[in-house]
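A.B. asks: Got a structure here, written out as structure tokens. Questions coming.
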Amino acid sequence: MRYISTRGTAPVLNFEEAMLTGLARDGGLYVPETIPQMSATEIAALEGLSYEATAYRVMRPFVGDVFTDDEFEDIIGRAYAGFGHAARAPLKQLDQGHFLLELFHGPTLAFKDFAMQLIGQMFQTALGRKGERVTIVGATSGDTGSAAIEAFRGLDNVDVFIMYPHGRISEVQRRQMTTPQESNVHALAMDGDFDACQARLKDMFNDFEFRDGVRLAGVNSINWGRVLAQVVYYFSSAVALGAPHRPISFTVPTGNFGDIFAGYIAKQMGLPIGRLVVATNQNDILHRCLSGHGYHKGETVPSISPSMDIQVSSNFERALFDAYDREAAAVVQLMNELKEGGFDVSQGAMQVLQSHYSSGRVSEAETSATITSELKASGELLCPHSAVGVRVAQAQRETGTPMITLATAHPAKFPDAVEQASGIRPPLPPRMADLYERSERVSRVPDDLEALKGFIRENISA
Ligand SMILES: Cc1ncc(COP(=O)(O)O)c(C=O)c1O
Ligand SMILES: N[C@@H](CCOP(=O)(O)O)C(=O)O
């Protein structure tokens, strides 16, 4: 299995190299050269399997000979052993034909654990074998960072630096990043918004002297391994509802476009998916773009679903690459225009995008109202991100095709917004009940590339 860059000029890599590399050296994102196919018979055979067994069958063809069968099985087993639900990603019925996929039973209570726990294990196996050390730098609007710190804390061979937008994440998210005391993990509270954090991350990858000097690696969804791990729950949930014998649609609260792009990959592999519905909060660049108004950056406005307060959705580049028939030159042109503020999508590419994705936008008031109404209707207490998804799904459901909305975080990660809407302050699970008492360790950093590089150089292990 070979991986190519969306910008066409970076070296072609195998799975391990792509995973350890992060951003391609031409600034693009790695994607598989061809997408492995699963036949209807192979998909049907997933019925009744454990989540781990499904994960093995879905991901195995993407990994090639990088891990032996036994190694890969062990990696998957270790990755999901710490989840707090036997099904890992249980489905709950909300309404006739509408289901919630609970993706928040991992160690940090958000869907990011599905991929981060897995790539933590893959990094450890790959780096241990090579006797190499890497420096992981990540940008987060709250959940990627906490999942990364949890997955890599105390591991040999890695130092982890996570930049988050100071004052723009929930207290639980912050504490999950600042309370681990292992010396190989560092939480950096940066001035600016998530887009600024992500831009500095990409700047570091594009600075080859720094990149090679610290052996930079990335665990944001620029890393193909992140996307791959998320493909699995599209299969497990769709099969539980009758796929491949009938199509299933998905609504996905969307920010950096990694999660919904994983759904698109599942569809390309052969899973019969009806619609992939992008649900955004008031930071609605994706909704505007998919509605035909071009991809033009605006101001990021803080919301009660802060993890989705994003303007530049990193993985949209992967979607554009396919929509432009894998023409890297077209992607390079669009990304250059994006640096100047935005771009318009050609008619042909827009038709391709709209054939896979629909979209909807949810205001702050609608998000709160959905938390309130869903609690009344089904007894489900939603986090604000999942509420954005449920609201859009309610508007876009089609009779006859079951709709699965991804519940991307536990309500206890966003207790203020949830309490304001529902009157209920969701408690943290017992294993992290003392989170508010633990001492914090955090470094305030400016939005300044040189200062950030200096900080990282000074704080990596020898
Ligand atoms: C809770 C939550 N929901 C939804 C999203 C959006 O996911 P994605 O960035 O993969 O689109 C994120 C982060 O981005 C998140 O943390
Ligand atoms: N919402 C995310 C933003 C980063 O997304 P990623 O999928 O590229 O890591 C977060 O919680 O940090």
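Naming works like this for the structure tokens: A, B, ... for the chains as they're shown, residue 1 at the start of each chain, ligands 1 onward in shown order.
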Tell me which protein, DNA and RNA residues are within 12 Å of Ala45 (chain A), counting only C-alpha atoms, leaving out same-chain ones fewer than 6 positions away, and put them as a ChimeraX atom specification.

C.D. replies: /A:38-39,53-54,57-58,235-236,239-240,242-245

A.B. asks: Pick out the residues sitting within 9 Å of Val160 (chain A), and hand them over as a PDB file with C-alpha atoms, in the first residue's frame; count only C-alpha atoms, and ignore anything fewer than 5 positions along from it in its own chain.

C.D. replies:
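Heads up, here's the output in around-v2.pdb:
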ATOM      1  CA  VAL A 134      10.302  11.774  17.605  1.00  0.00           C
ATOM      2  CA  THR A 135       8.878  15.104  18.703  1.00  0.00           C
ATOM      3  CA  ILE A 136       5.135  15.252  18.300  1.00  0.00           C
ATOM      4  CA  VAL A 137       3.665  18.724  17.957  1.00  0.00           C
ATOM      5  CA  GLY A 138      -0.106  19.136  17.798  1.00  0.00           C
ATOM      6  CA  ALA A 148      -2.862  12.899  22.406  1.00  0.00           C
ATOM      7  CA  ILE A 149      -1.478  13.695  25.837  1.00  0.00           C
ATOM      8  CA  PHE A 152       1.493   9.371  24.671  1.00  0.00           C
ATOM      9  CA  ARG A 153       2.082  10.357  28.311  1.00  0.00           C
ATOM     10  CA  ASN A 184       7.434  14.072  28.099  1.00  0.00           C
ATOM     11  CA  VAL A 185       4.108  15.941  27.641  1.00  0.00           C
ATOM     12  CA  HIS A 186       3.698  19.722  27.444  1.00  0.00           C
ATOM     13  CA  ALA A 187       0.531  21.828  27.197  1.00  0.00           C
ATOM     14  CA  ILE A 460      12.757  18.061  24.228  1.00  0.00           C
TER      15      ILE A 460
END

A.B. asks: Which residues form the shell of 8 Å around ligand 2 when you count only C-alpha atoms and all ligand atoms, given as a PyMOL selection string?

C.D. replies: chain A and resi 112+138-146+164+194+198+219-222+226+255-259+306-310+314-315

A.B. asks: Would you please work out which residue, of A:Arg60, A:Arg129, A:Arg7, A:Arg431, is nearest to Asp156 (chain A) when using only C-alpha atoms?

C.D. replies: A:Arg129

A.B. asks: What's the 10 Å shell around region 296-303 of chain A, counting only C-alpha atoms, without same-chain residues fewer than 3 positions away, as a PyMOL selection string?

C.D. replies: chain A and resi 168-169+193-195+281-286+288-289+293+306-312+337-344+363-364+367+384+417

A.B. asks: Which of region 169-370 of chain A counts as strand (DSSP E) under DSSP, as a ChimeraX atom specification please?

C.D. replies: /A:185-190,216-217,248-253,273-280,295-296,342-343,357-361

A.B. asks: Extract, using only C-alpha atoms, all DNA, RNA and protein residues at most 10 Å from Pro415 (chain A), discarding same-chain residues fewer than 4 positions from it, and format them as a VMD selection string.

C.D. replies: chain A and resid 170 to 172 383 to 384 410 to 411 419 to 421 424 to 428

A.B. asks: Kindly give the distance, in Å, that separates CA of Ala369 (chain A) and CA of Ala395 (chain A), rounded to a single decimal.

C.D. replies: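 Separation between CA of Ala369 (chain A) and CA of Ala395 (chain A): 14.3 Å.
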
A.B. asks: Write out as a list in words the residues lying within 7 Å of Leu290 (chain A), counting only C-alpha atoms and excluding same-chain residues fewer than 6 positions away.

C.D. replies: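 The neighbour list is Gln354, Ser358 and Ser359 of chain A.
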